Amino acid sequence: MWQRPPWIEPEAPASFSVLYEDEDLLAVAKPAGLPTLPGANFLQNTLLYLVRGFAPDAVPIHRLGRWTSGLVLCARNYQSREKLMQQWSANKVGKRYRAFASGLPDWDEKTISVPIGPVPHALLCSIHAASPHGKPALSHVTVLERRTDSFLCNVRIATGRPHQIRIHLAAIGHPLMGDPLYVAGGLPALETHALPGDPGYQLHSAELSFLHPSTGRELVIECEPPQLLRLSNNTGDGLN
């Protein structure tokens, strides 16, 4: 039976912080546990609801999983939204994540190209996972720090498949620490009742890079990770 890891708080704080703001864009830091958009039993306790209280014109152009923390980018007008979505669809937005994975790899960098597609699931009929019949997916992993039985890494993704980082690291034998769903091989545990939105894993959206929709200049926005995902020998973060 799944048990709550010690780093998961019983209730996640419903809050966010502003990372960047201008007349076209708003970038915010979402805490783990806060859904990005309304759905299921979450209506007001969502990032969208809270952000709208701060900037009524802001609309997220992407979403993070409920238990993924970090940077969410919002557009503040129709023109900005359209231009950003064009970059997003063309995979021209740079996306870097910080992850806490299990095991001790014998490599420092690795590119993962395991396809991702639907596989059977006991409760949901199907769920995204590693599948030879799935869609192409590409992740590049860089080890930052090795710990006793785990490691910190940066993951840059060139595609945006559902649960891509969780699946890819599991596919090469290094599931995220505490992940209740994906096991080695990049598949759900056999007959598991765990769902994608269950807590336990540690994943953080650390950086987005893109062309500003009005100026055309490259903009790089970073978001400091939570304590567990910071380098132990760095009093700051070590984002790069």
# chains A, B, ... in the order shown; residues from 1 in each chain; ligands from 1
$ residues_around --residues "segment 109-120 of chain A" --least-positions-apart "3" --cutoff "8 Å" --atoms "only C-alpha atoms" --output "VMD selection string"
chain A and resid 124 to 143 161 164 167 to 168 171 to 172
$ residues_around --residues "segment 102-104 of chain A" --least-positions-apart "6" --cutoff "7 Å" --atoms "only C-alpha atoms" --output "VMD selection string"
chain A and resid 146 149 to 151 174 to 177
$ closest_residue --among "A:Gly185, A:Gly197, A:Ala99, A:Cys74" --to "Val155 of chain A" --atoms "only C-alpha atoms"
A:Ala99
$ select_by_dssp --residues "segment 2-235 of chain A" --states "strand (DSSP E or B)" --output "count of residues only"
84
$ atom_distance --atom1 "atom CA of Leu144 of chain A" --atom2 "atom CA of Ser209 of chain A"
20.5 Å
$ select_by_dssp --residues "chain A" --states "alpha helix (DSSP H)" --output "VMD selection string"
chain A and resid 47 to 54 78 to 89 164 to 171
$ write_last_selection --atoms "N, CA and C atoms" --output "PDB file, in the first residue's frame"
ATOM      1  N   LEU A  47      -4.466  27.304  -9.402  1.00  0.00           N
ATOM      2  CA  LEU A  47      -3.583  28.407  -9.775  1.00  0.00           C
ATOM      3  C   LEU A  47      -4.328  29.435 -10.615  1.00  0.00           C
ATOM      4  N   LEU A  48      -5.151  28.982 -11.559  1.00  0.00           N
ATOM      5  CA  LEU A  48      -5.885  29.923 -12.405  1.00  0.00           C
ATOM      6  C   LEU A  48      -6.739  30.865 -11.573  1.00  0.00           C
ATOM      7  N   TYR A  49      -7.473  30.343 -10.600  1.00  0.00           N
ATOM      8  CA  TYR A  49      -8.340  31.165  -9.766  1.00  0.00           C
ATOM      9  C   TYR A  49      -7.520  32.188  -8.982  1.00  0.00           C
ATOM     10  N   LEU A  50      -6.409  31.755  -8.413  1.00  0.00           N
ATOM     11  CA  LEU A  50      -5.586  32.661  -7.615  1.00  0.00           C
ATOM     12  C   LEU A  50      -4.911  33.717  -8.480  1.00  0.00           C
ATOM     13  N   VAL A  51      -4.409  33.305  -9.639  1.00  0.00           N
ATOM     14  CA  VAL A  51      -3.749  34.257 -10.534  1.00  0.00           C
ATOM     15  C   VAL A  51      -4.738  35.295 -11.043  1.00  0.00           C
ATOM     16  N   ARG A  52      -5.965  34.866 -11.336  1.00  0.00           N
ATOM     17  CA  ARG A  52      -6.977  35.810 -11.822  1.00  0.00           C
ATOM     18  C   ARG A  52      -7.300  36.869 -10.773  1.00  0.00           C
ATOM     19  N   GLY A  53      -7.155  36.519  -9.495  1.00  0.00           N
ATOM     20  CA  GLY A  53      -7.347  37.510  -8.447  1.00  0.00           C
ATOM     21  C   GLY A  53      -6.255  38.564  -8.452  1.00  0.00           C
ATOM     22  N   PHE A  54      -5.092  38.215  -8.976  1.00  0.00           N
ATOM     23  CA  PHE A  54      -3.958  39.140  -9.051  1.00  0.00           C
ATOM     24  C   PHE A  54      -3.938  39.876 -10.384  1.00  0.00           C
ATOM     25  N   TYR A  78      -4.709  38.375 -26.219  1.00  0.00           N
ATOM     26  CA  TYR A  78      -4.901  37.371 -27.265  1.00  0.00           C
ATOM     27  C   TYR A  78      -3.671  37.234 -28.157  1.00  0.00           C
ATOM     28  N   GLN A  79      -3.070  38.369 -28.560  1.00  0.00           N
ATOM     29  CA  GLN A  79      -1.925  38.316 -29.466  1.00  0.00           C
ATOM     30  C   GLN A  79      -0.749  37.573 -28.831  1.00  0.00           C
ATOM     31  N   SER A  80      -0.478  37.859 -27.561  1.00  0.00           N
ATOM     32  CA  SER A  80       0.626  37.182 -26.877  1.00  0.00           C
ATOM     33  C   SER A  80       0.358  35.687 -26.751  1.00  0.00           C
ATOM     34  N   ARG A  81      -0.879  35.349 -26.422  1.00  0.00           N
ATOM     35  CA  ARG A  81      -1.237  33.934 -26.302  1.00  0.00           C
ATOM     36  C   ARG A  81      -1.021  33.196 -27.617  1.00  0.00           C
ATOM     37  N   GLU A  82      -1.449  33.779 -28.727  1.00  0.00           N
ATOM     38  CA  GLU A  82      -1.305  33.130 -30.019  1.00  0.00           C
ATOM     39  C   GLU A  82       0.161  32.929 -30.383  1.00  0.00           C
ATOM     40  N   LYS A  83       0.985  33.951 -30.178  1.00  0.00           N
ATOM     41  CA  LYS A  83       2.404  33.838 -30.532  1.00  0.00           C
ATOM     42  C   LYS A  83       3.129  32.837 -29.636  1.00  0.00           C
ATOM     43  N   LEU A  84       2.791  32.824 -28.364  1.00  0.00           N
ATOM     44  CA  LEU A  84       3.426  31.862 -27.456  1.00  0.00           C
ATOM     45  C   LEU A  84       2.984  30.435 -27.780  1.00  0.00           C
ATOM     46  N   MET A  85       1.720  30.245 -28.086  1.00  0.00           N
ATOM     47  CA  MET A  85       1.233  28.912 -28.427  1.00  0.00           C
ATOM     48  C   MET A  85       1.874  28.398 -29.719  1.00  0.00           C
ATOM     49  N   GLN A  86       2.145  29.302 -30.660  1.00  0.00           N
ATOM     50  CA  GLN A  86       2.841  28.905 -31.881  1.00  0.00           C
ATOM     51  C   GLN A  86       4.239  28.391 -31.566  1.00  0.00           C
ATOM     52  N   GLN A  87       4.953  29.098 -30.679  1.00  0.00           N
ATOM     53  CA  GLN A  87       6.281  28.637 -30.279  1.00  0.00           C
ATOM     54  C   GLN A  87       6.193  27.302 -29.552  1.00  0.00           C
ATOM     55  N   TRP A  88       5.177  27.183 -28.684  1.00  0.00           N
ATOM     56  CA  TRP A  88       5.020  25.960 -27.904  1.00  0.00           C
ATOM     57  C   TRP A  88       4.746  24.769 -28.831  1.00  0.00           C
ATOM     58  N   SER A  89       3.836  24.946 -29.776  1.00  0.00           N
ATOM     59  CA  SER A  89       3.467  23.866 -30.687  1.00  0.00           C
ATOM     60  C   SER A  89       4.632  23.458 -31.584  1.00  0.00           C
ATOM     61  N   GLN A 164       6.008  12.967 -19.194  1.00  0.00           N
ATOM     62  CA  GLN A 164       7.190  12.540 -19.940  1.00  0.00           C
ATOM     63  C   GLN A 164       8.403  12.272 -19.055  1.00  0.00           C
ATOM     64  N   ILE A 165       8.720  13.174 -18.146  1.00  0.00           N
ATOM     65  CA  ILE A 165       9.931  13.013 -17.346  1.00  0.00           C
ATOM     66  C   ILE A 165       9.796  11.823 -16.402  1.00  0.00           C
ATOM     67  N   ARG A 166       8.650  11.686 -15.776  1.00  0.00           N
ATOM     68  CA  ARG A 166       8.419  10.539 -14.886  1.00  0.00           C
ATOM     69  C   ARG A 166       8.569   9.233 -15.650  1.00  0.00           C
ATOM     70  N   ILE A 167       7.998   9.179 -16.841  1.00  0.00           N
ATOM     71  CA  ILE A 167       8.054   7.959 -17.649  1.00  0.00           C
ATOM     72  C   ILE A 167       9.460   7.697 -18.148  1.00  0.00           C
ATOM     73  N   HIS A 168      10.132   8.713 -18.649  1.00  0.00           N
ATOM     74  CA  HIS A 168      11.452   8.508 -19.239  1.00  0.00           C
ATOM     75  C   HIS A 168      12.490   8.069 -18.216  1.00  0.00           C
ATOM     76  N   LEU A 169      12.507   8.721 -17.048  1.00  0.00           N
ATOM     77  CA  LEU A 169      13.480   8.304 -16.046  1.00  0.00           C
ATOM     78  C   LEU A 169      13.169   6.887 -15.550  1.00  0.00           C
ATOM     79  N   ALA A 170      11.900   6.559 -15.395  1.00  0.00           N
ATOM     80  CA  ALA A 170      11.537   5.188 -15.011  1.00  0.00           C
ATOM     81  C   ALA A 170      11.921   4.199 -16.108  1.00  0.00           C
ATOM     82  N   ALA A 171      11.783   4.611 -17.367  1.00  0.00           N
ATOM     83  CA  ALA A 171      12.067   3.711 -18.482  1.00  0.00           C
ATOM     84  C   ALA A 171      13.524   3.256 -18.507  1.00  0.00           C
TER      85      ALA A 171
END
$ residues_around --residues "Ala27 of chain A" --least-positions-apart "6" --cutoff "9 Å" --atoms "only C-alpha atoms" --output "number ranges by chain"
A: 17-21, 60, 71-75, 221
$ write_last_selection --atoms "N, CA and C atoms" --output "CSV table (one decimal), in the first residue's frame"
chain,number,residue,atom,x,y,z
A,17,SER,N,3.9,32.8,-6.3
A,17,SER,CA,4.8,34.0,-6.3
A,17,SER,C,5.0,34.4,-7.7
A,18,VAL,N,5.2,35.7,-8.0
A,18,VAL,CA,5.4,36.3,-9.3
A,18,VAL,C,6.9,36.3,-9.6
A,19,LEU,N,7.2,35.7,-10.8
A,19,LEU,CA,8.6,35.6,-11.2
A,19,LEU,C,8.9,36.7,-12.3
A,20,TYR,N,7.9,37.0,-13.1
A,20,TYR,CA,8.1,38.0,-14.2
A,20,TYR,C,6.8,38.6,-14.5
A,21,GLU,N,6.8,39.9,-14.8
A,21,GLU,CA,5.5,40.5,-15.2
A,21,GLU,C,5.8,41.7,-16.1
A,60,PRO,N,-3.0,30.9,-18.2
A,60,PRO,CA,-1.9,30.0,-18.4
A,60,PRO,C,-1.9,29.4,-19.8
A,71,LEU,N,7.6,26.9,-12.5
A,71,LEU,CA,7.2,28.0,-13.4
A,71,LEU,C,6.1,27.7,-14.3
A,72,VAL,N,5.1,28.5,-14.2
A,72,VAL,CA,3.9,28.5,-15.2
A,72,VAL,C,3.8,29.9,-15.9
A,73,LEU,N,3.8,29.8,-17.2
A,73,LEU,CA,3.7,31.1,-18.0
A,73,LEU,C,2.3,31.4,-18.4
A,74,CYS,N,1.9,32.6,-18.2
A,74,CYS,CA,0.6,33.1,-18.6
A,74,CYS,C,0.7,34.2,-19.6
A,75,ALA,N,-0.3,34.2,-20.5
A,75,ALA,CA,-0.4,35.3,-21.5
A,75,ALA,C,-1.5,36.3,-21.0
A,221,ILE,N,13.4,32.7,-18.1
A,221,ILE,CA,12.8,32.9,-16.8
A,221,ILE,C,13.2,31.7,-16.0
$ atom_distance --atom1 "atom CA of Val28 of chain A" --atom2 "atom CA of Phe16 of chain A"
6.5 Å
$ atom_distance --atom1 "atom CA of Ser214 of chain A" --atom2 "atom CA of Val93 of chain A"
15.6 Å
$ closest_residue --among "A:Thr68, A:Thr36, A:Ser15, A:Asn45" --to "Pro196 of chain A" --atoms "only C-alpha atoms"
A:Thr68
$ closest_residue --among "A:Pro226, A:Pro180, A:Gly173, A:Pro105" --to "Ala32 of chain A" --atoms "only C-alpha atoms"
A:Pro226
$ residues_around --residues "Ser205 of chain A" --least-positions-apart "6" --cutoff "9 Å" --atoms "only C-alpha atoms" --output "PDB file with N, CA and C atoms, in the first residue's frame"
ATOM      1  N   ALA A  29       5.329  31.142  -9.919  1.00  0.00           N
ATOM      2  CA  ALA A  29       5.825  29.890  -9.341  1.00  0.00           C
ATOM      3  C   ALA A  29       4.668  29.182  -8.652  1.00  0.00           C
ATOM      4  N   LEU A  64       1.075  22.395 -15.356  1.00  0.00           N
ATOM      5  CA  LEU A  64       1.932  21.434 -14.674  1.00  0.00           C
ATOM      6  C   LEU A  64       1.046  20.457 -13.925  1.00  0.00           C
ATOM      7  N   THR A  68       3.664  18.719  -9.395  1.00  0.00           N
ATOM      8  CA  THR A  68       4.867  19.311  -9.964  1.00  0.00           C
ATOM      9  C   THR A  68       4.875  20.786  -9.601  1.00  0.00           C
ATOM     10  N   SER A  69       5.956  21.258  -9.029  1.00  0.00           N
ATOM     11  CA  SER A  69       6.069  22.666  -8.658  1.00  0.00           C
ATOM     12  C   SER A  69       6.773  23.435  -9.765  1.00  0.00           C
ATOM     13  N   GLY A  70       6.741  24.765  -9.630  1.00  0.00           N
ATOM     14  CA  GLY A  70       7.582  25.577 -10.490  1.00  0.00           C
ATOM     15  C   GLY A  70       6.874  26.508 -11.435  1.00  0.00           C
ATOM     16  N   LEU A  71       7.562  26.850 -12.510  1.00  0.00           N
ATOM     17  CA  LEU A  71       7.245  27.967 -13.379  1.00  0.00           C
ATOM     18  C   LEU A  71       6.055  27.664 -14.290  1.00  0.00           C
ATOM     19  N   VAL A  72       5.066  28.544 -14.247  1.00  0.00           N
ATOM     20  CA  VAL A  72       3.930  28.500 -15.168  1.00  0.00           C
ATOM     21  C   VAL A  72       3.850  29.858 -15.865  1.00  0.00           C
ATOM     22  N   LYS A  95      12.595  24.092 -22.218  1.00  0.00           N
ATOM     23  CA  LYS A  95      11.982  23.697 -20.950  1.00  0.00           C
ATOM     24  C   LYS A  95      12.975  22.868 -20.150  1.00  0.00           C
ATOM     25  N   ARG A  96      13.326  23.376 -18.965  1.00  0.00           N
ATOM     26  CA  ARG A  96      14.256  22.645 -18.089  1.00  0.00           C
ATOM     27  C   ARG A  96      13.583  22.373 -16.749  1.00  0.00           C
ATOM     28  N   TYR A  97      13.689  21.123 -16.313  1.00  0.00           N
ATOM     29  CA  TYR A  97      13.110  20.686 -15.050  1.00  0.00           C
ATOM     30  C   TYR A  97      14.211  20.206 -14.114  1.00  0.00           C
ATOM     31  N   ARG A  98      13.923  20.209 -12.833  1.00  0.00           N
ATOM     32  CA  ARG A  98      14.784  19.606 -11.813  1.00  0.00           C
ATOM     33  C   ARG A  98      14.036  18.398 -11.248  1.00  0.00           C
ATOM     34  N   ALA A  99      14.708  17.258 -11.176  1.00  0.00           N
ATOM     35  CA  ALA A  99      14.073  16.023 -10.725  1.00  0.00           C
ATOM     36  C   ALA A  99      14.940  15.324  -9.687  1.00  0.00           C
ATOM     37  N   GLU A 222      13.698  31.856 -14.766  1.00  0.00           N
ATOM     38  CA  GLU A 222      14.060  30.749 -13.895  1.00  0.00           C
ATOM     39  C   GLU A 222      13.214  30.760 -12.627  1.00  0.00           C
ATOM     40  N   CYS A 223      13.092  29.588 -12.024  1.00  0.00           N
ATOM     41  CA  CYS A 223      12.324  29.432 -10.794  1.00  0.00           C
ATOM     42  C   CYS A 223      13.110  28.533  -9.844  1.00  0.00           C
ATOM     43  N   GLU A 224      13.467  29.072  -8.685  1.00  0.00           N
ATOM     44  CA  GLU A 224      14.268  28.313  -7.722  1.00  0.00           C
ATOM     45  C   GLU A 224      13.507  27.089  -7.234  1.00  0.00           C
ATOM     46  N   PRO A 225      14.168  25.930  -7.172  1.00  0.00           N
ATOM     47  CA  PRO A 225      13.481  24.711  -6.733  1.00  0.00           C
ATOM     48  C   PRO A 225      13.292  24.668  -5.228  1.00  0.00           C
TER      49      PRO A 225
END
$ closest_residue --among "A:Val220, A:Leu152, A:Ile157, A:Ala101" --to "Tyr182 of chain A" --atoms "only C-alpha atoms"
A:Ala101
$ residues_around --residues "Leu181 of chain A" --least-positions-apart "6" --cutoff "9 Å" --atoms "only C-alpha atoms" --output "MDAnalysis selection string"
chainID A and resid 187:189 192:196 198
$ closest_residue --among "A:Leu34, A:Ala122, A:Ala90, A:Leu26" --to "Ala55 of chain A" --atoms "only C-alpha atoms"
A:Leu26
$ decode --residues "segment 34-65 of chain A" --atoms "N, CA and C atoms" --output "PDB file, in the first residue's frame"
ATOM      1  N   LEU A  34      -0.951  22.270  -5.776  1.00  0.00           N
ATOM      2  CA  LEU A  34      -1.961  23.192  -6.283  1.00  0.00           C
ATOM      3  C   LEU A  34      -2.230  22.882  -7.756  1.00  0.00           C
ATOM      4  N   PRO A  35      -3.454  22.481  -8.122  1.00  0.00           N
ATOM      5  CA  PRO A  35      -3.760  22.239  -9.538  1.00  0.00           C
ATOM      6  C   PRO A  35      -3.627  23.521 -10.359  1.00  0.00           C
ATOM      7  N   THR A  36      -3.233  23.376 -11.611  1.00  0.00           N
ATOM      8  CA  THR A  36      -3.115  24.539 -12.472  1.00  0.00           C
ATOM      9  C   THR A  36      -4.490  25.065 -12.872  1.00  0.00           C
ATOM     10  N   LEU A  37      -5.372  24.163 -13.305  1.00  0.00           N
ATOM     11  CA  LEU A  37      -6.686  24.545 -13.818  1.00  0.00           C
ATOM     12  C   LEU A  37      -7.789  23.839 -13.044  1.00  0.00           C
ATOM     13  N   PRO A  38      -9.009  24.378 -13.070  1.00  0.00           N
ATOM     14  CA  PRO A  38     -10.126  23.720 -12.398  1.00  0.00           C
ATOM     15  C   PRO A  38     -10.404  22.338 -13.000  1.00  0.00           C
ATOM     16  N   GLY A  39     -10.895  21.445 -12.152  1.00  0.00           N
ATOM     17  CA  GLY A  39     -11.253  20.113 -12.604  1.00  0.00           C
ATOM     18  C   GLY A  39     -11.489  19.226 -11.409  1.00  0.00           C
ATOM     19  N   ALA A  40     -12.278  18.149 -11.614  1.00  0.00           N
ATOM     20  CA  ALA A  40     -12.596  17.203 -10.543  1.00  0.00           C
ATOM     21  C   ALA A  40     -13.181  17.978  -9.358  1.00  0.00           C
ATOM     22  N   ASN A  41     -12.534  17.892  -8.187  1.00  0.00           N
ATOM     23  CA  ASN A  41     -13.047  18.562  -6.993  1.00  0.00           C
ATOM     24  C   ASN A  41     -12.388  19.918  -6.751  1.00  0.00           C
ATOM     25  N   PHE A  42     -11.628  20.389  -7.718  1.00  0.00           N
ATOM     26  CA  PHE A  42     -10.888  21.637  -7.534  1.00  0.00           C
ATOM     27  C   PHE A  42     -11.481  22.723  -8.427  1.00  0.00           C
ATOM     28  N   LEU A  43     -12.027  23.770  -7.805  1.00  0.00           N
ATOM     29  CA  LEU A  43     -12.597  24.885  -8.540  1.00  0.00           C
ATOM     30  C   LEU A  43     -11.878  26.187  -8.180  1.00  0.00           C
ATOM     31  N   GLN A  44     -11.993  26.599  -6.908  1.00  0.00           N
ATOM     32  CA  GLN A  44     -11.335  27.833  -6.489  1.00  0.00           C
ATOM     33  C   GLN A  44      -9.899  27.605  -6.049  1.00  0.00           C
ATOM     34  N   ASN A  45      -9.592  26.443  -5.501  1.00  0.00           N
ATOM     35  CA  ASN A  45      -8.234  26.156  -5.040  1.00  0.00           C
ATOM     36  C   ASN A  45      -7.383  25.695  -6.221  1.00  0.00           C
ATOM     37  N   THR A  46      -7.208  26.605  -7.184  1.00  0.00           N
ATOM     38  CA  THR A  46      -6.406  26.329  -8.366  1.00  0.00           C
ATOM     39  C   THR A  46      -5.532  27.536  -8.666  1.00  0.00           C
ATOM     40  N   LEU A  47      -4.466  27.304  -9.402  1.00  0.00           N
ATOM     41  CA  LEU A  47      -3.583  28.407  -9.775  1.00  0.00           C
ATOM     42  C   LEU A  47      -4.328  29.435 -10.615  1.00  0.00           C
ATOM     43  N   LEU A  48      -5.151  28.982 -11.559  1.00  0.00           N
ATOM     44  CA  LEU A  48      -5.885  29.923 -12.405  1.00  0.00           C
ATOM     45  C   LEU A  48      -6.739  30.865 -11.573  1.00  0.00           C
ATOM     46  N   TYR A  49      -7.473  30.343 -10.600  1.00  0.00           N
ATOM     47  CA  TYR A  49      -8.340  31.165  -9.766  1.00  0.00           C
ATOM     48  C   TYR A  49      -7.520  32.188  -8.982  1.00  0.00           C
ATOM     49  N   LEU A  50      -6.409  31.755  -8.413  1.00  0.00           N
ATOM     50  CA  LEU A  50      -5.586  32.661  -7.615  1.00  0.00           C
ATOM     51  C   LEU A  50      -4.911  33.717  -8.480  1.00  0.00           C
ATOM     52  N   VAL A  51      -4.409  33.305  -9.639  1.00  0.00           N
ATOM     53  CA  VAL A  51      -3.749  34.257 -10.534  1.00  0.00           C
ATOM     54  C   VAL A  51      -4.738  35.295 -11.043  1.00  0.00           C
ATOM     55  N   ARG A  52      -5.965  34.866 -11.336  1.00  0.00           N
ATOM     56  CA  ARG A  52      -6.977  35.810 -11.822  1.00  0.00           C
ATOM     57  C   ARG A  52      -7.300  36.869 -10.773  1.00  0.00           C
ATOM     58  N   GLY A  53      -7.155  36.519  -9.495  1.00  0.00           N
ATOM     59  CA  GLY A  53      -7.347  37.510  -8.447  1.00  0.00           C
ATOM     60  C   GLY A  53      -6.255  38.564  -8.452  1.00  0.00           C
ATOM     61  N   PHE A  54      -5.092  38.215  -8.976  1.00  0.00           N
ATOM     62  CA  PHE A  54      -3.958  39.140  -9.051  1.00  0.00           C
ATOM     63  C   PHE A  54      -3.938  39.876 -10.384  1.00  0.00           C
ATOM     64  N   ALA A  55      -4.188  39.142 -11.475  1.00  0.00           N
ATOM     65  CA  ALA A  55      -4.177  39.719 -12.825  1.00  0.00           C
ATOM     66  C   ALA A  55      -5.336  39.099 -13.596  1.00  0.00           C
ATOM     67  N   PRO A  56      -6.482  39.765 -13.637  1.00  0.00           N
ATOM     68  CA  PRO A  56      -7.687  39.189 -14.248  1.00  0.00           C
ATOM     69  C   PRO A  56      -7.536  38.829 -15.722  1.00  0.00           C
ATOM     70  N   ASP A  57      -6.542  39.396 -16.413  1.00  0.00           N
ATOM     71  CA  ASP A  57      -6.361  39.125 -17.837  1.00  0.00           C
ATOM     72  C   ASP A  57      -5.414  37.963 -18.107  1.00  0.00           C
ATOM     73  N   ALA A  58      -4.840  37.352 -17.075  1.00  0.00           N
ATOM     74  CA  ALA A  58      -3.818  36.311 -17.258  1.00  0.00           C
ATOM     75  C   ALA A  58      -4.448  34.946 -17.500  1.00  0.00           C
ATOM     76  N   VAL A  59      -3.905  34.230 -18.493  1.00  0.00           N
ATOM     77  CA  VAL A  59      -4.365  32.885 -18.830  1.00  0.00           C
ATOM     78  C   VAL A  59      -3.147  31.975 -18.989  1.00  0.00           C
ATOM     79  N   PRO A  60      -3.020  30.888 -18.223  1.00  0.00           N
ATOM     80  CA  PRO A  60      -1.886  29.966 -18.399  1.00  0.00           C
ATOM     81  C   PRO A  60      -1.881  29.389 -19.809  1.00  0.00           C
ATOM     82  N   ILE A  61      -0.714  29.320 -20.430  1.00  0.00           N
ATOM     83  CA  ILE A  61      -0.630  28.727 -21.763  1.00  0.00           C
ATOM     84  C   ILE A  61      -0.200  27.262 -21.706  1.00  0.00           C
ATOM     85  N   HIS A  62       0.064  26.763 -20.511  1.00  0.00           N
ATOM     86  CA  HIS A  62       0.401  25.350 -20.332  1.00  0.00           C
ATOM     87  C   HIS A  62       0.036  24.995 -18.903  1.00  0.00           C
ATOM     88  N   ARG A  63       0.164  23.738 -18.570  1.00  0.00           N
ATOM     89  CA  ARG A  63      -0.143  23.330 -17.202  1.00  0.00           C
ATOM     90  C   ARG A  63       0.960  22.418 -16.672  1.00  0.00           C
ATOM     91  N   LEU A  64       1.075  22.395 -15.356  1.00  0.00           N
ATOM     92  CA  LEU A  64       1.932  21.434 -14.674  1.00  0.00           C
ATOM     93  C   LEU A  64       1.046  20.457 -13.925  1.00  0.00           C
ATOM     94  N   GLY A  65       1.526  19.230 -13.739  1.00  0.00           N
ATOM     95  CA  GLY A  65       0.819  18.277 -12.906  1.00  0.00           C
ATOM     96  C   GLY A  65       0.632  18.845 -11.511  1.00  0.00           C
TER      97      GLY A  65
END
